[in-house]
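Novice: This is the content of upload.csv (CSV, N, CA and C atoms):
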```csv
chain,number,residue,atom,x,y,z
M,153,MET,N,179.9,225.8,183.5
M,153,MET,CA,178.7,225.1,183.0
M,153,MET,C,177.5,225.6,183.7
M,154,GLU,N,176.4,225.8,182.9
M,154,GLU,CA,175.1,226.2,183.5
M,154,GLU,C,174.6,225.1,184.4
M,155,LYS,N,174.1,225.5,185.6
M,155,LYS,CA,173.6,224.5,186.5
M,155,LYS,C,172.2,224.1,186.1
M,156,LEU,N,172.0,222.8,185.9
M,156,LEU,CA,170.7,222.3,185.4
M,156,LEU,C,170.1,221.5,186.6
M,157,ASN,N,168.8,221.5,186.7
M,157,ASN,CA,168.1,220.6,187.6
M,157,ASN,C,168.1,219.2,186.9
M,158,SER,N,167.9,218.2,187.6
M,158,SER,CA,167.8,216.9,187.0
M,158,SER,C,166.8,216.1,187.7
M,159,LEU,N,166.3,215.1,187.0
M,159,LEU,CA,165.3,214.1,187.6
M,159,LEU,C,165.8,212.7,187.3
M,160,THR,N,165.3,211.8,188.0
M,160,THR,CA,165.7,210.4,187.8
M,160,THR,C,164.5,209.6,187.4
M,161,ILE,N,164.5,209.0,186.2
M,161,ILE,CA,163.5,208.1,185.7
M,161,ILE,C,164.1,206.7,185.4
M,162,ASN,N,163.5,205.8,186.1
M,162,ASN,CA,163.9,204.4,185.9
M,162,ASN,C,165.4,204.2,186.1
M,163,LYS,N,165.9,204.9,187.2
M,163,LYS,CA,167.3,204.8,187.6
M,163,LYS,C,168.3,205.5,186.7
M,164,LYS,N,167.7,206.3,185.8
M,164,LYS,CA,168.6,207.1,184.9
M,164,LYS,C,168.4,208.6,185.1
M,165,ARG,N,169.5,209.3,185.2
M,165,ARG,CA,169.5,210.8,185.5
M,165,ARG,C,169.3,211.5,184.2
M,166,TYR,N,168.4,212.5,184.2
M,166,TYR,CA,168.1,213.4,183.1
M,166,TYR,C,168.2,214.8,183.5
M,167,PRO,N,169.0,215.6,182.9
M,167,PRO,CA,169.0,217.1,183.1
M,167,PRO,C,167.7,217.6,182.4
M,168,TYR,N,167.2,218.7,182.9
M,168,TYR,CA,166.1,219.3,182.3
M,168,TYR,C,166.1,220.9,182.4
M,169,LYS,N,165.5,221.5,181.4
M,169,LYS,CA,165.4,223.0,181.5
M,169,LYS,C,164.3,223.4,180.5
M,170,CYS,N,163.5,224.4,181.0
M,170,CYS,CA,162.5,225.1,180.2
M,170,CYS,C,163.1,226.5,179.8
M,171,ASP,N,163.2,226.7,178.6
M,171,ASP,CA,163.7,228.0,178.1
M,171,ASP,C,163.0,228.4,176.8
M,172,LEU,N,163.4,229.5,176.2
M,172,LEU,CA,162.7,230.0,175.0
M,172,LEU,C,162.6,228.9,173.9
M,173,TYR,N,163.6,228.1,173.8
M,173,TYR,CA,163.5,227.0,172.7
M,173,TYR,C,162.4,226.1,173.0
M,174,VAL,N,162.3,225.7,174.3
M,174,VAL,CA,161.1,224.8,174.7
M,174,VAL,C,159.8,225.5,174.4
M,175,LEU,N,159.7,226.7,174.8
M,175,LEU,CA,158.5,227.5,174.6
M,175,LEU,C,158.1,227.6,173.2
M,176,GLU,N,159.1,227.8,172.3
M,176,GLU,CA,158.9,227.9,170.9
M,176,GLU,C,158.3,226.6,170.4
M,177,GLN,N,158.8,225.5,170.8
M,177,GLN,CA,158.3,224.2,170.4
M,177,GLN,C,156.9,224.0,170.9
M,178,ILE,N,156.6,224.4,172.1
M,178,ILE,CA,155.2,224.3,172.6
M,178,ILE,C,154.3,225.2,171.7
M,179,GLN,N,154.7,226.4,171.4
M,179,GLN,CA,153.9,227.3,170.6
M,179,GLN,C,153.6,226.7,169.2
M,180,LYS,N,154.4,225.8,168.7
M,180,LYS,CA,154.1,225.2,167.4
M,180,LYS,C,152.9,224.3,167.5
M,181,GLU,N,152.6,223.8,168.7
M,181,GLU,CA,151.4,222.9,168.9
M,181,GLU,C,150.3,223.7,169.4
M,182,TYR,N,150.5,224.6,170.4
M,182,TYR,CA,149.5,225.5,171.0
M,182,TYR,C,149.8,226.9,170.5
M,183,SER,N,149.1,227.4,169.6
M,183,SER,CA,149.5,228.8,169.1
M,183,SER,C,149.2,229.8,170.3
M,184,ASP,N,148.4,229.5,171.2
M,184,ASP,CA,148.1,230.4,172.3
M,184,ASP,C,148.8,229.8,173.6
M,185,MET,N,149.8,230.5,174.1
M,185,MET,CA,150.6,230.0,175.2
M,185,MET,C,149.7,230.0,176.5
M,186,PHE,N,148.8,230.9,176.6
M,186,PHE,CA,147.9,230.9,177.7
M,186,PHE,C,147.0,229.6,177.8
M,187,GLU,N,146.6,229.2,176.6
M,187,GLU,CA,145.9,227.9,176.5
M,187,GLU,C,146.7,226.8,177.0
M,188,PHE,N,148.0,226.7,176.6
M,188,PHE,CA,148.9,225.7,177.1
M,188,PHE,C,149.1,225.8,178.6
M,189,GLU,N,149.3,227.0,179.1
M,189,GLU,CA,149.6,227.1,180.5
M,189,GLU,C,148.3,226.7,181.3
M,190,HIS,N,147.2,227.1,180.9
M,190,HIS,CA,145.9,226.7,181.6
M,190,HIS,C,145.8,225.2,181.6
M,191,LYS,N,146.1,224.5,180.5
M,191,LYS,CA,146.0,223.1,180.4
M,191,LYS,C,147.0,222.4,181.3
M,192,LEU,N,148.2,222.9,181.3
M,192,LEU,CA,149.3,222.4,182.1
M,192,LEU,C,149.0,222.5,183.6
M,193,LYS,N,148.4,223.6,184.0
M,193,LYS,CA,148.2,223.9,185.4
M,193,LYS,C,146.8,223.5,185.8
M,194,GLY,N,145.9,223.1,184.9
M,194,GLY,CA,144.6,222.8,185.3
M,194,GLY,C,143.7,224.0,185.7
M,195,LEU,N,143.8,225.0,184.9
M,195,LEU,CA,143.0,226.2,185.2
M,195,LEU,C,142.0,226.5,184.0
M,196,ILE,N,140.8,226.8,184.4
M,196,ILE,CA,139.8,227.2,183.5
M,196,ILE,C,139.4,228.6,183.8
M,197,PRO,N,139.6,229.6,182.8
M,197,PRO,CA,139.2,230.9,183.1
M,197,PRO,C,137.7,231.0,183.4
M,198,ARG,N,137.3,231.7,184.4
M,198,ARG,CA,135.8,231.9,184.7
M,198,ARG,C,135.3,232.9,183.8
M,199,MET,N,134.1,232.6,183.3
M,199,MET,CA,133.4,233.5,182.4
M,199,MET,C,132.0,233.8,182.9
M,200,ASP,N,131.5,235.0,182.6
M,200,ASP,CA,130.1,235.4,182.9
M,200,ASP,C,129.2,234.8,181.9
M,201,LYS,N,127.9,235.0,182.0
M,201,LYS,CA,126.9,234.4,181.1
M,201,LYS,C,127.0,235.0,179.7
M,202,ASN,N,127.7,236.1,179.5
M,202,ASN,CA,127.9,236.7,178.2
M,202,ASN,C,129.2,236.3,177.6
M,203,GLY,N,130.0,235.4,178.3
M,203,GLY,CA,131.2,234.9,177.7
M,203,GLY,C,132.4,235.8,178.0
M,204,ASN,N,132.3,236.8,178.9
M,204,ASN,CA,133.4,237.7,179.2
M,204,ASN,C,134.1,237.1,180.4
M,205,ARG,N,135.4,237.3,180.4
M,205,ARG,CA,136.2,236.8,181.6
M,205,ARG,C,135.9,237.5,182.8
M,206,ILE,N,135.9,236.8,183.9
M,206,ILE,CA,135.6,237.4,185.2
M,206,ILE,C,137.0,237.6,185.9
M,207,TYR,N,137.0,238.8,186.5
M,207,TYR,CA,138.3,239.2,187.2
M,207,TYR,C,138.0,239.4,188.7
M,208,LYS,N,139.0,239.2,189.5
M,208,LYS,CA,138.9,239.4,190.9
M,208,LYS,C,139.0,240.9,191.3
M,209,GLU,N,138.7,241.2,192.5
M,209,GLU,CA,138.8,242.6,192.9
M,209,GLU,C,140.2,243.3,192.7
M,210,ASP,N,141.2,242.5,192.8
M,210,ASP,CA,142.6,243.0,192.5
M,210,ASP,C,142.9,243.1,191.1
M,211,GLY,N,142.0,242.8,190.2
M,211,GLY,CA,142.2,242.9,188.7
M,211,GLY,C,142.8,241.7,188.1
M,212,SER,N,143.1,240.6,188.8
M,212,SER,CA,143.7,239.4,188.2
M,212,SER,C,142.6,238.5,187.8
M,213,PRO,N,142.8,237.7,186.7
M,213,PRO,CA,141.8,236.8,186.2
M,213,PRO,C,141.4,235.8,187.3
M,214,ASP,N,140.1,235.4,187.2
M,214,ASP,CA,139.6,234.4,188.1
M,214,ASP,C,139.6,233.1,187.4
M,215,TYR,N,139.9,232.0,188.1
M,215,TYR,CA,140.0,230.7,187.5
M,215,TYR,C,139.2,229.6,188.3
M,216,THR,N,138.8,228.6,187.7
M,216,THR,CA,138.3,227.4,188.3
M,216,THR,C,139.4,226.4,188.2
M,217,ARG,N,139.7,225.6,189.2
M,217,ARG,CA,140.7,224.6,189.1
M,217,ARG,C,140.1,223.3,188.6
M,218,THR,N,140.8,222.6,187.9
M,218,THR,CA,140.4,221.3,187.4
M,218,THR,C,141.7,220.4,187.3
M,219,HIS,N,141.6,219.2,186.8
M,219,HIS,CA,142.8,218.4,186.7
M,219,HIS,C,143.6,218.9,185.5
M,220,PHE,N,144.9,218.8,185.6
M,220,PHE,CA,145.8,219.2,184.6
M,220,PHE,C,145.6,218.2,183.4
M,221,ASP,N,146.1,218.7,182.2
M,221,ASP,CA,145.9,218.0,181.0
M,221,ASP,C,147.2,217.1,180.7
M,222,LEU,N,147.0,215.8,180.6
M,222,LEU,CA,148.2,214.9,180.4
M,222,LEU,C,148.9,215.2,179.1
M,223,HIS,N,148.2,215.6,178.1
M,223,HIS,CA,148.8,215.9,176.8
M,223,HIS,C,149.8,217.0,177.0
M,224,ALA,N,149.4,218.0,177.7
M,224,ALA,CA,150.3,219.2,177.9
M,224,ALA,C,151.5,218.7,178.7
M,225,LEU,N,151.3,217.9,179.7
M,225,LEU,CA,152.5,217.4,180.5
M,225,LEU,C,153.4,216.5,179.7
M,226,ASN,N,152.8,215.6,178.9
M,226,ASN,CA,153.6,214.7,178.0
M,226,ASN,C,154.3,215.5,176.9
M,227,LEU,N,153.8,216.6,176.5
M,227,LEU,CA,154.5,217.4,175.5
M,227,LEU,C,155.7,218.1,176.1
M,228,ILE,N,155.5,218.8,177.2
M,228,ILE,CA,156.6,219.6,177.7
M,228,ILE,C,157.7,218.8,178.4
M,229,LEU,N,157.4,217.7,179.0
M,229,LEU,CA,158.5,216.9,179.7
M,229,LEU,C,159.6,216.5,178.8
M,230,PRO,N,159.4,215.8,177.6
M,230,PRO,CA,160.5,215.5,176.8
M,230,PRO,C,161.2,216.7,176.2
M,231,LEU,N,160.5,217.7,175.9
M,231,LEU,CA,161.1,219.0,175.4
M,231,LEU,C,162.1,219.5,176.4
M,232,MET,N,161.7,219.6,177.7
M,232,MET,CA,162.6,220.1,178.8
M,232,MET,C,163.8,219.2,179.0
M,233,VAL,N,163.6,217.8,179.0
M,233,VAL,CA,164.6,216.9,179.1
M,233,VAL,C,165.6,217.0,178.0
M,234,ASN,N,165.1,217.0,176.8
M,234,ASN,CA,166.1,217.1,175.6
M,234,ASN,C,166.8,218.4,175.6
M,235,GLU,N,166.2,219.5,176.0
M,235,GLU,CA,166.9,220.7,176.1
M,235,GLU,C,168.0,220.6,177.1
M,236,GLY,N,167.7,220.0,178.3
M,236,GLY,CA,168.8,219.8,179.3
M,236,GLY,C,169.9,219.0,178.8
M,237,ILE,N,169.6,217.9,178.0
M,237,ILE,CA,170.6,217.0,177.4
M,237,ILE,C,171.5,217.8,176.4
M,238,GLU,N,170.8,218.6,175.6
M,238,GLU,CA,171.6,219.4,174.6
M,238,GLU,C,172.5,220.4,175.3
M,239,ILE,N,172.0,221.1,176.3
M,239,ILE,CA,172.9,222.1,177.1
M,239,ILE,C,174.0,221.4,177.7
M,240,GLU,N,173.7,220.3,178.4
M,240,GLU,CA,174.8,219.5,179.1
M,240,GLU,C,175.8,219.0,178.1
M,241,GLY,N,175.4,218.5,176.9
M,241,GLY,CA,176.3,218.0,175.9
M,241,GLY,C,177.2,219.1,175.4
M,242,GLN,N,176.6,220.3,175.1
M,242,GLN,CA,177.4,221.4,174.6
M,242,GLN,C,178.5,221.8,175.6
M,243,SER,N,178.1,221.8,176.9
M,243,SER,CA,179.0,222.3,177.9
M,243,SER,C,180.2,221.3,178.1
M,244,ARG,N,180.0,220.1,177.7
M,244,ARG,CA,181.0,219.0,177.8
M,244,ARG,C,181.7,218.8,176.4
M,245,ASN,N,181.3,219.6,175.4
M,245,ASN,CA,181.8,219.4,174.1
M,245,ASN,C,181.7,218.0,173.5
M,246,LYS,N,180.5,217.4,173.8
M,246,LYS,CA,180.2,216.1,173.2
M,246,LYS,C,178.8,216.0,172.9
M,247,GLU,N,178.5,215.2,171.9
M,247,GLU,CA,177.1,215.1,171.4
M,247,GLU,C,176.5,214.0,172.2
M,248,ILE,N,175.3,214.3,172.8
M,248,ILE,CA,174.6,213.3,173.6
M,248,ILE,C,173.3,213.1,172.8
M,249,THR,N,172.9,211.8,172.7
M,249,THR,CA,171.7,211.5,172.0
M,249,THR,C,170.5,211.9,172.8
M,250,PRO,N,169.6,212.6,172.1
M,250,PRO,CA,168.3,213.0,172.8
M,250,PRO,C,167.5,211.7,173.1
M,251,VAL,N,166.7,211.9,174.1
M,251,VAL,CA,165.8,210.8,174.5
M,251,VAL,C,164.5,210.8,173.7
M,252,GLU,N,164.0,209.6,173.3
M,252,GLU,CA,162.8,209.5,172.6
M,252,GLU,C,161.6,209.8,173.5
M,253,PRO,N,160.7,210.8,173.1
M,253,PRO,CA,159.6,211.1,174.0
M,253,PRO,C,158.8,209.9,174.5
M,254,ASP,N,158.5,209.0,173.6
M,254,ASP,CA,157.7,207.8,174.0
M,254,ASP,C,158.4,207.0,175.1
M,255,GLU,N,159.7,206.8,174.9
M,255,GLU,CA,160.5,206.1,175.9
M,255,GLU,C,160.5,206.7,177.2
M,256,LEU,N,160.7,208.0,177.2
M,256,LEU,CA,160.7,208.8,178.5
M,256,LEU,C,159.4,208.7,179.2
M,257,ILE,N,158.3,208.9,178.5
M,257,ILE,CA,157.0,208.8,179.1
M,257,ILE,C,156.6,207.4,179.6
M,258,ARG,N,156.9,206.4,178.8
M,258,ARG,CA,156.6,205.1,179.1
M,258,ARG,C,157.4,204.5,180.3
M,259,THR,N,158.6,205.0,180.5
M,259,THR,CA,159.4,204.4,181.6
M,259,THR,C,159.4,205.3,182.8
M,260,CYS,N,158.6,206.4,182.8
M,260,CYS,CA,158.6,207.3,183.9
M,260,CYS,C,158.0,206.7,185.1
M,261,ASP,N,158.8,206.6,186.2
M,261,ASP,CA,158.3,206.0,187.4
M,261,ASP,C,158.2,207.0,188.5
M,262,ILE,N,158.1,208.3,188.2
M,262,ILE,CA,157.9,209.3,189.2
M,262,ILE,C,156.4,209.4,189.4
M,263,PRO,N,155.9,209.5,190.6
M,263,PRO,CA,154.5,209.6,190.9
M,263,PRO,C,154.0,210.8,190.1
M,264,LEU,N,152.8,210.7,189.5
M,264,LEU,CA,152.2,211.7,188.6
M,264,LEU,C,152.2,213.1,189.2
M,265,TYR,N,151.7,213.2,190.4
M,265,TYR,CA,151.6,214.6,190.9
M,265,TYR,C,153.0,215.2,191.3
M,266,ASP,N,153.9,214.4,191.6
M,266,ASP,CA,155.3,214.9,191.8
M,266,ASP,C,155.9,215.3,190.5
M,267,LEU,N,155.7,214.6,189.5
M,267,LEU,CA,156.2,214.9,188.1
M,267,LEU,C,155.5,216.2,187.7
M,268,TRP,N,154.2,216.3,187.9
M,268,TRP,CA,153.5,217.5,187.5
M,268,TRP,C,154.0,218.8,188.2
M,269,ALA,N,154.2,218.6,189.5
M,269,ALA,CA,154.7,219.8,190.3
M,269,ALA,C,156.1,220.2,189.9
M,270,LEU,N,157.0,219.2,189.6
M,270,LEU,CA,158.3,219.5,189.1
M,270,LEU,C,158.3,220.3,187.8
M,271,VAL,N,157.5,219.8,186.8
M,271,VAL,CA,157.4,220.4,185.5
M,271,VAL,C,156.8,221.8,185.6
M,272,VAL,N,155.7,222.0,186.4
M,272,VAL,CA,155.1,223.3,186.6
M,272,VAL,C,156.1,224.3,187.3
M,273,ALA,N,156.9,223.8,188.2
M,273,ALA,CA,157.9,224.7,188.9
M,273,ALA,C,158.9,225.2,187.9
M,274,GLU,N,159.4,224.3,187.0
M,274,GLU,CA,160.4,224.7,186.0
M,274,GLU,C,159.7,225.6,185.0
M,275,TYR,N,158.5,225.3,184.6
M,275,TYR,CA,157.8,226.2,183.6
M,275,TYR,C,157.7,227.6,184.2
M,276,ASP,N,157.3,227.7,185.5
M,276,ASP,CA,157.1,229.0,186.1
M,276,ASP,C,158.4,229.7,186.3
M,277,ARG,N,159.5,229.0,186.6
M,277,ARG,CA,160.8,229.6,186.7
M,277,ARG,C,161.2,230.2,185.3
M,278,CYS,N,160.9,229.5,184.3
M,278,CYS,CA,161.2,230.1,182.9
M,278,CYS,C,160.3,231.3,182.6
M,279,MET,N,159.0,231.2,182.9
M,279,MET,CA,158.1,232.3,182.6
M,279,MET,C,158.2,233.5,183.5
M,280,PHE,N,158.4,233.3,184.8
M,280,PHE,CA,158.3,234.3,185.8
M,280,PHE,C,159.6,234.6,186.6
M,281,GLY,N,160.6,233.7,186.5
M,281,GLY,CA,161.8,233.8,187.3
M,281,GLY,C,162.7,234.8,186.8
M,282,LYS,N,163.7,235.1,187.6
M,282,LYS,CA,164.8,236.1,187.1
M,282,LYS,C,165.6,235.4,186.1
M,283,LYS,N,166.0,236.1,185.1
M,283,LYS,CA,166.8,235.5,184.0
M,283,LYS,C,168.3,235.8,184.3
```
Show me the file's structure as structure tokens.

Specialist:
Amino acid sequence: MEKLNSLTINKKRYPYKCDLYVLEQIQKEYSDMFEFEHKLKGLIPRMDKNGNRIYKEDGSPDYTRTHFDLHALNLILPLMVNEGIEIEGQSRNKEITPVEPDELIRTCDIPLYDLWALVVAEYDRCMFGKK
């Protein structure tokens, strides 16, 4: 069985995973994955007065930090949890009912910044980690 990370919300354990399926679902709402990532991470690309992106000396884009977007967080969290539930169910050869996004979000008792850090770490693992 694939090892999944898990989180506990309201004393209930939920497996979670960010993978291509989750990214595909996100892309249906945000056609630009960079826009989603910037909102999730609270990054605003810096622009010059002509509207051109500003880059650092090393060639990487320069950003201004801001607060992350709750809509982006609330979108990806249930997708990652339901993907984890699906993978876990398949590995045990049983159907597990997906969690309703509203239920998950409303009952979430994880401190906001801890939840955000967990989600961003899993997103980065999916986007930049070894496969």

Novice: Compile the contact shell of segment 192-205 of chain M as a list in words: residues with an atom at most 7 Å away, counting only N, CA and C atoms, same-chain residues fewer than 3 positions apart removed.

Specialist: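 Final neighbour list, sorted by chain and number: Glu187, Phe188, Glu189, Pro213, Asp214, Tyr215, Thr216, Arg217, Thr218, His219, Phe220, Asp221, Ala224, Leu225 and Val272 of chain M.
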
Novice: Determine, counting only C-alpha atoms, which protein, DNA and RNA residues have an atom within 12 Å of an atom of Gly241 of chain M; residues of the same chain fewer than 3 positions away are not included. Present the result as number ranges by chain.

Specialist: M: 153-154, 156, 166-167, 234-238, 244-250

Novice: Please produce a file of those selected residues containing N, CA and C atoms, as an mmCIF file, keeping the file's coordinate frame.

Specialist:
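The resulting file, selection.cif, is reproduced below:
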```cif
data_model
loop_
_atom_site.group_PDB
_atom_site.id
_atom_site.type_symbol
_atom_site.label_atom_id
_atom_site.label_comp_id
_atom_site.auth_asym_id
_atom_site.auth_seq_id
_atom_site.Cartn_x
_atom_site.Cartn_y
_atom_site.Cartn_z
ATOM 1 N N MET M 153 179.900 225.800 183.500
ATOM 2 C CA MET M 153 178.700 225.100 183.000
ATOM 3 C C MET M 153 177.500 225.600 183.700
ATOM 4 N N GLU M 154 176.400 225.800 182.900
ATOM 5 C CA GLU M 154 175.100 226.200 183.500
ATOM 6 C C GLU M 154 174.600 225.100 184.400
ATOM 7 N N LEU M 156 172.000 222.800 185.900
ATOM 8 C CA LEU M 156 170.700 222.300 185.400
ATOM 9 C C LEU M 156 170.100 221.500 186.600
ATOM 10 N N TYR M 166 168.400 212.500 184.200
ATOM 11 C CA TYR M 166 168.100 213.400 183.100
ATOM 12 C C TYR M 166 168.200 214.800 183.500
ATOM 13 N N PRO M 167 169.000 215.600 182.900
ATOM 14 C CA PRO M 167 169.000 217.100 183.100
ATOM 15 C C PRO M 167 167.700 217.600 182.400
ATOM 16 N N ASN M 234 165.100 217.000 176.800
ATOM 17 C CA ASN M 234 166.100 217.100 175.600
ATOM 18 C C ASN M 234 166.800 218.400 175.600
ATOM 19 N N GLU M 235 166.200 219.500 176.000
ATOM 20 C CA GLU M 235 166.900 220.700 176.100
ATOM 21 C C GLU M 235 168.000 220.600 177.100
ATOM 22 N N GLY M 236 167.700 220.000 178.300
ATOM 23 C CA GLY M 236 168.800 219.800 179.300
ATOM 24 C C GLY M 236 169.900 219.000 178.800
ATOM 25 N N ILE M 237 169.600 217.900 178.000
ATOM 26 C CA ILE M 237 170.600 217.000 177.400
ATOM 27 C C ILE M 237 171.500 217.800 176.400
ATOM 28 N N GLU M 238 170.800 218.600 175.600
ATOM 29 C CA GLU M 238 171.600 219.400 174.600
ATOM 30 C C GLU M 238 172.500 220.400 175.300
ATOM 31 N N ARG M 244 180.000 220.100 177.700
ATOM 32 C CA ARG M 244 181.000 219.000 177.800
ATOM 33 C C ARG M 244 181.700 218.800 176.400
ATOM 34 N N ASN M 245 181.300 219.600 175.400
ATOM 35 C CA ASN M 245 181.800 219.400 174.100
ATOM 36 C C ASN M 245 181.700 218.000 173.500
ATOM 37 N N LYS M 246 180.500 217.400 173.800
ATOM 38 C CA LYS M 246 180.200 216.100 173.200
ATOM 39 C C LYS M 246 178.800 216.000 172.900
ATOM 40 N N GLU M 247 178.500 215.200 171.900
ATOM 41 C CA GLU M 247 177.100 215.100 171.400
ATOM 42 C C GLU M 247 176.500 214.000 172.200
ATOM 43 N N ILE M 248 175.300 214.300 172.800
ATOM 44 C CA ILE M 248 174.600 213.300 173.600
ATOM 45 C C ILE M 248 173.300 213.100 172.800
ATOM 46 N N THR M 249 172.900 211.800 172.700
ATOM 47 C CA THR M 249 171.700 211.500 172.000
ATOM 48 C C THR M 249 170.500 211.900 172.800
ATOM 49 N N PRO M 250 169.600 212.600 172.100
ATOM 50 C CA PRO M 250 168.300 213.000 172.800
ATOM 51 C C PRO M 250 167.500 211.700 173.100
#
```

Novice: Any chance you could list, as a ChimeraX atom specification, the residues in chain M that come up helix (DSSP H, G or I) when DSSP is run on the backbone?

Specialist: /M:172-181,185-193,222-243,253-259,264-280

Novice: Given only C-alpha atoms as the basis, pick out the residue of M:Cys260, M:Asp266, M:Leu227, M:Ser243 nearest to Lys155 of chain M.

Specialist: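 Answer, going by the shortest atom-to-atom distance: M:Ser243.
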
Novice: Considering all atoms listed in the file, can you say which of M:Ser183, M:Asn226, M:Asn157, M:Gln177 comes closest to Ile257 of chain M?

Specialist: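 Ranked by minimum distance to Ile257 of chain M, first place goes to M:Asn226.
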
Novice: As a ChimeraX atom specification, please: all residues of chain M that backbone DSSP puts in strand (DSSP E).

Specialist: /M:157-161,164-168,195-197,215-217

Novice: For the atom pair atom CA of Gln179 of chain M and atom CA of Ser158 of chain M, what is the interatomic distance in Å to one decimal place?

Specialist: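 For atom CA of Gln179 of chain M relative to atom CA of Ser158 of chain M, the distance reads 23.9 Å.
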
Novice: Rank nothing, just name the residue among M:Pro230, M:Leu267, M:Ile161, M:Leu222 nearest to Glu252 of chain M, using all atoms listed in the file.

Specialist: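 The closest residue to Glu252 of chain M is M:Pro230.
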
Novice: Step by step: start from the point (160.4, 225.6, 181.3) in the file's coordinates, keep every protein, DNA or RNA residue that has an atom no farther than 7 Å from it, count only C-alpha atoms, and write the set as a list of chain:residue names.

Specialist: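 Looking at atoms near the point gives M:Lys169, M:Cys170, M:Asp171, M:Val174, M:Met232, M:Glu274, M:Tyr275, M:Asp276, M:Arg277, M:Cys278.
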
Novice: Could you please take those selected residues and save N, CA and C atoms as a PDB file, in the frame of the given file?

Specialist:
```pdb
ATOM      1  N   LYS M 169     165.500 221.500 181.400  1.00  0.00           N
ATOM      2  CA  LYS M 169     165.400 223.000 181.500  1.00  0.00           C
ATOM      3  C   LYS M 169     164.300 223.400 180.500  1.00  0.00           C
ATOM      4  N   CYS M 170     163.500 224.400 181.000  1.00  0.00           N
ATOM      5  CA  CYS M 170     162.500 225.100 180.200  1.00  0.00           C
ATOM      6  C   CYS M 170     163.100 226.500 179.800  1.00  0.00           C
ATOM      7  N   ASP M 171     163.200 226.700 178.600  1.00  0.00           N
ATOM      8  CA  ASP M 171     163.700 228.000 178.100  1.00  0.00           C
ATOM      9  C   ASP M 171     163.000 228.400 176.800  1.00  0.00           C
ATOM     10  N   VAL M 174     162.300 225.700 174.300  1.00  0.00           N
ATOM     11  CA  VAL M 174     161.100 224.800 174.700  1.00  0.00           C
ATOM     12  C   VAL M 174     159.800 225.500 174.400  1.00  0.00           C
ATOM     13  N   MET M 232     161.700 219.600 177.700  1.00  0.00           N
ATOM     14  CA  MET M 232     162.600 220.100 178.800  1.00  0.00           C
ATOM     15  C   MET M 232     163.800 219.200 179.000  1.00  0.00           C
ATOM     16  N   GLU M 274     159.400 224.300 187.000  1.00  0.00           N
ATOM     17  CA  GLU M 274     160.400 224.700 186.000  1.00  0.00           C
ATOM     18  C   GLU M 274     159.700 225.600 185.000  1.00  0.00           C
ATOM     19  N   TYR M 275     158.500 225.300 184.600  1.00  0.00           N
ATOM     20  CA  TYR M 275     157.800 226.200 183.600  1.00  0.00           C
ATOM     21  C   TYR M 275     157.700 227.600 184.200  1.00  0.00           C
ATOM     22  N   ASP M 276     157.300 227.700 185.500  1.00  0.00           N
ATOM     23  CA  ASP M 276     157.100 229.000 186.100  1.00  0.00           C
ATOM     24  C   ASP M 276     158.400 229.700 186.300  1.00  0.00           C
ATOM     25  N   ARG M 277     159.500 229.000 186.600  1.00  0.00           N
ATOM     26  CA  ARG M 277     160.800 229.600 186.700  1.00  0.00           C
ATOM     27  C   ARG M 277     161.200 230.200 185.300  1.00  0.00           C
ATOM     28  N   CYS M 278     160.900 229.500 184.300  1.00  0.00           N
ATOM     29  CA  CYS M 278     161.200 230.100 182.900  1.00  0.00           C
ATOM     30  C   CYS M 278     160.300 231.300 182.600  1.00  0.00           C
TER      31      CYS M 278
END
```

Novice: Ranking M:Leu264, M:Leu256, M:Leu270, M:Leu229 by minimum distance to Lys163 of chain M and counting only C-alpha atoms, which one comes first?

Specialist: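 Residue with the minimum atom-to-atom distance to Lys163 of chain M: M:Leu256.
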
Novice: I'd like the interatomic distance between atom N of Asp184 of chain M and atom C of Ile228 of chain M, to a tenth of an Å.

Specialist: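 Atom N of Asp184 of chain M sits 15.9 Å away from atom C of Ile228 of chain M.
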
Novice: Please report the interatomic distance between atom CA of Tyr173 of chain M and atom CA of Leu231 of chain M in Å with one decimal.

Specialist: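 Taking atom CA of Tyr173 of chain M and atom CA of Leu231 of chain M, their separation equals 8.8 Å.
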